[in-house]
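Participant: Dropping the structure in here first, questions after.
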Amino acid sequence: MGWCHPVRQTSHLVGEENTVVDQVVEACARAAKQAAPSLATASEQAIDAALTGMAERLRASADAVLAANAQDVEAAKAGGMSSGLLDRLTITEARLAAMADSLVLLAGVPHPERETPIRDLPDGLKLVERRRPVGVIGANYEARPNVTVDVASQLIKSRNAGVLRTGSAALGSATALVREVIAPALQDAGIDPAAIQLVPSADRAAAAALVRFPDLVPLVILRGSGDSTRELGFEAAKHGVRTLAHADGGGVLYVDGGADLAKAHDLIARSLDRLGVCNRLNLLLIDSAIYADVLHSVLETLEKAGVRASLPPHDHPIGYEWALDSDREATVTVSPVDDAVQAAQVANEKTSGLAAGIVTENSATADAFMDAYTGTGVFWNATTRLLDGFKLLAVPETGINIDKVPGPRGPVTYTDLTLRQYAVVPAH
């Protein structure tokens with residue numbers, strides 16, 4: 001079925017170990033590239049049958065998947081993993097059901113048009129824009145086993161083969177998902193199951209190896225902490241590999257003087273339903289005109305959510321991302337600002353630019369904030385937790401891209417994972 005060979009650590013020399021890991025990742029990449037045409041030429045019916053089959057097998061194999069995940073979680077607890085990261089690692093029965101539902105939904109959404117007429121040209125010719133798969137796309141992500149299914153499903157829908165690399169904490173869960181769910185569903189749909197490869201090594205060096213084979217894996221999706229993802233991005237650039245990076249997060253919420261305070265408290269609470277995710281509330285800005293009056297009730301709302309406030313004067317950067325702090329993740333930075341424009345400026349200059357929202361009943365103030373904020377997602381009387389492929393676009397995502405360059409920005413889905421090709425053909 002095209003599985004990569006497991007790494008056998010036969011040497012105590014770091015350089016030799018890394019060479020072995022590079023060879024394993026390269027073997028995965030070659031296997032995926034060899035299988036890629038099977039996926040690229042598959043019919044729409046076969047693609048959607050594979051996704052539906054994944055959903056069916058996920059439900060049928062629930063016991064095996066949950067058992068593998070329980071072993072991962074137990075090992076992570078023994079290793080001292082924080083509660084927020086444990087939450088991301090855990091597959092519950094409800095989350096497994098949601099994963100299956102998302103696969104069924106993805107199977108039912110339209111495929112991108114493979115050819116789109118653009119314009120007529122002289123001499124009886126016309127210009128057509130065609131969409132082609134990349135070929136093989138890599139993905140590096142940490143302790144989130146659901147991402148294995150999310151990314152694989154997006155690759156399959158976009159007809160791209162894939163090489164998936166996850167962190168050691170989730171490797172058991174990911175292995176069960178590929179073995180029990182993804183590979184057999186592809187096989188049943190008449191598609192080479194080797195099109196989706198999972199790197200079997202828990203070695204961190206596998207992440208760096210994944211971005212070193214431009215002829216095999218020209219594009220890699222990077223998800224993880226800011227520093228590690230940036231390091232991989234730099235390594236990829238050295239080798240001519242392009243990346244779609246989801247590095248930094250942290251949602252911002254500004255409570256304006258014209259806000260409905262009941263609505264504000266509700267949004268604060270709803271923004272903290274999960275602490276280990278990138279789009280949770282990280283920085284709470286409050287109009288200085290009401291700051292003193294509402295601070296006590298805001299602190300009560302945070303306390304009910306099990307979260308403490310970091311108040312001025314801060315001993316950390318104002319945009320510090322608490323979700324990445326295993327010791328203090330249950331924290332929100334709180335600070336007064338003069339107005340909506342200053343709130344947007346703080347969000348622009350002091351945070352990652354992932355998402356920011358305003359709570360106000362004044363439309364002119366909301367417009368000023370939304371015009372001033374340059375980040376990926378902007379929200380009016382809504383939580384930044386909505387910046388998610390499934391919640392916004394009704395399909396899973398491969399990650400959220402926050403680059404400040406043209407291209408797929410925000411939740412990256414299957415429609416973003418194709419290449420544009422111009423074709424000039426006879427008009428008739």
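How things are named: the first chain in the structure tokens is A, the next is B, and so on; residues count from 1 in each chain; ligands count from 1 in the order shown.
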Could you list, as a list in words, every residue within 6 Å of region 335-343 of chain A, counting only C-alpha atoms and ignoring same-chain residues fewer than 6 positions away?

Facilitator: Leu285, Ile286, Asp287, Ser288 and Phe369 of chain A

Participant: Show me, as an NGL selection string, the residues that have an atom within 12 Å of Glu235 (chain A) when counting only C-alpha atoms, minus same-chain residues fewer than 3 positions from it.

Facilitator: :A and (205 or 207-214 or 220 or 222 or 228-232 or 238-243)

Participant: In terms of the shortest atom-to-atom distance over only C-alpha atoms, which of A:Leu387, A:Val199, A:Ala35, A:Ala100 is closest to Leu354 (chain A)?

Facilitator: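 Using only C-alpha atoms, Leu354 (chain A) sits closest to A:Leu387.
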
Participant: List every residue of region 257-302 of chain A that DSSP, applied to the backbone of this structure, places in strand (DSSP E), and write the result as a ChimeraX atom specification.

Facilitator: /A:281-287

Participant: Give me the residues within 9 Å of Asn362 (chain A) as a list in words, counting only C-alpha atoms and dropping any in the same chain fewer than 3 places off.

Facilitator: Asp256, Gly258, Ala259, Thr365, Ala366 and Asp367 of chain A

Participant: List every residue of region 201-382 of chain A that DSSP, applied to the backbone of this structure, places in alpha helix (DSSP H), and write the result as a ChimeraX atom specification.

Facilitator: /A:205-210,226-238,261-270,288-304,340-350,363-372

Participant: Of the candidates A:Ala236, A:Leu417, A:Ala289, A:Ala67, which one gets nearest to Leu155 (chain A) if we count only C-alpha atoms?

Facilitator: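 Nearest to Leu155 (chain A): A:Leu417.
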
Participant: Pick out the closest residue to Thr52 (chain A) from this set: A:Arg179, A:Lys157, A:Lys391, A:His314. Count only C-alpha atoms.

Facilitator: A:Lys157

Participant: Skipping near chain neighbours, those fewer than 5 positions away, what residues fall within 9 Å of Gly410 (chain A) using only C-alpha atoms, listed as number ranges by chain?

Facilitator: A: 354, 376-377, 387-389, 399-403

Participant: Using only C-alpha atoms, tabulate the residues of region 172-243 of chain A lying at most 12 Å from any atom of region 55-60 of chain A, each with its closest atom pair and that distance in Å to one decimal, by chain and increasing residue number, as CSV.

Facilitator:
residue,atom,partner,partner_atom,distance
A:Ala176,CA,A:Leu58,CA,10.1
A:Leu177,CA,A:Leu58,CA,7.7
A:Val178,CA,A:Leu58,CA,10.2
A:Arg179,CA,A:Arg57,CA,10.4
A:Glu180,CA,A:Arg57,CA,7.1
A:Val181,CA,A:Arg57,CA,5.2
A:Ile182,CA,A:Arg57,CA,8.2
A:Ala183,CA,A:Arg57,CA,10.2
A:Pro184,CA,A:Arg57,CA,8.3
A:Ala185,CA,A:Arg57,CA,7.3
A:Leu186,CA,A:Arg57,CA,11.0
A:Asp188,CA,A:Arg57,CA,10.9

Participant: Could you write those residues out with C-alpha atoms, as an mmCIF file, in the first residue's frame?

Facilitator:
data_model
loop_
_atom_site.group_PDB
_atom_site.id
_atom_site.type_symbol
_atom_site.label_atom_id
_atom_site.label_comp_id
_atom_site.auth_asym_id
_atom_site.auth_seq_id
_atom_site.Cartn_x
_atom_site.Cartn_y
_atom_site.Cartn_z
ATOM 1 C CA ALA A 176 -4.455 4.657 12.772
ATOM 2 C CA LEU A 177 -6.303 7.252 10.699
ATOM 3 C CA VAL A 178 -4.206 6.600 7.601
ATOM 4 C CA ARG A 179 -4.241 2.817 7.994
ATOM 5 C CA GLU A 180 -7.882 2.361 9.009
ATOM 6 C CA VAL A 181 -9.573 5.254 7.221
ATOM 7 C CA ILE A 182 -7.708 7.087 4.468
ATOM 8 C CA ALA A 183 -5.796 4.362 2.611
ATOM 9 C CA PRO A 184 -8.632 1.809 2.374
ATOM 10 C CA ALA A 185 -11.128 4.484 1.307
ATOM 11 C CA LEU A 186 -8.837 5.510 -1.551
ATOM 12 C CA ASP A 188 -12.108 1.235 -2.545
#
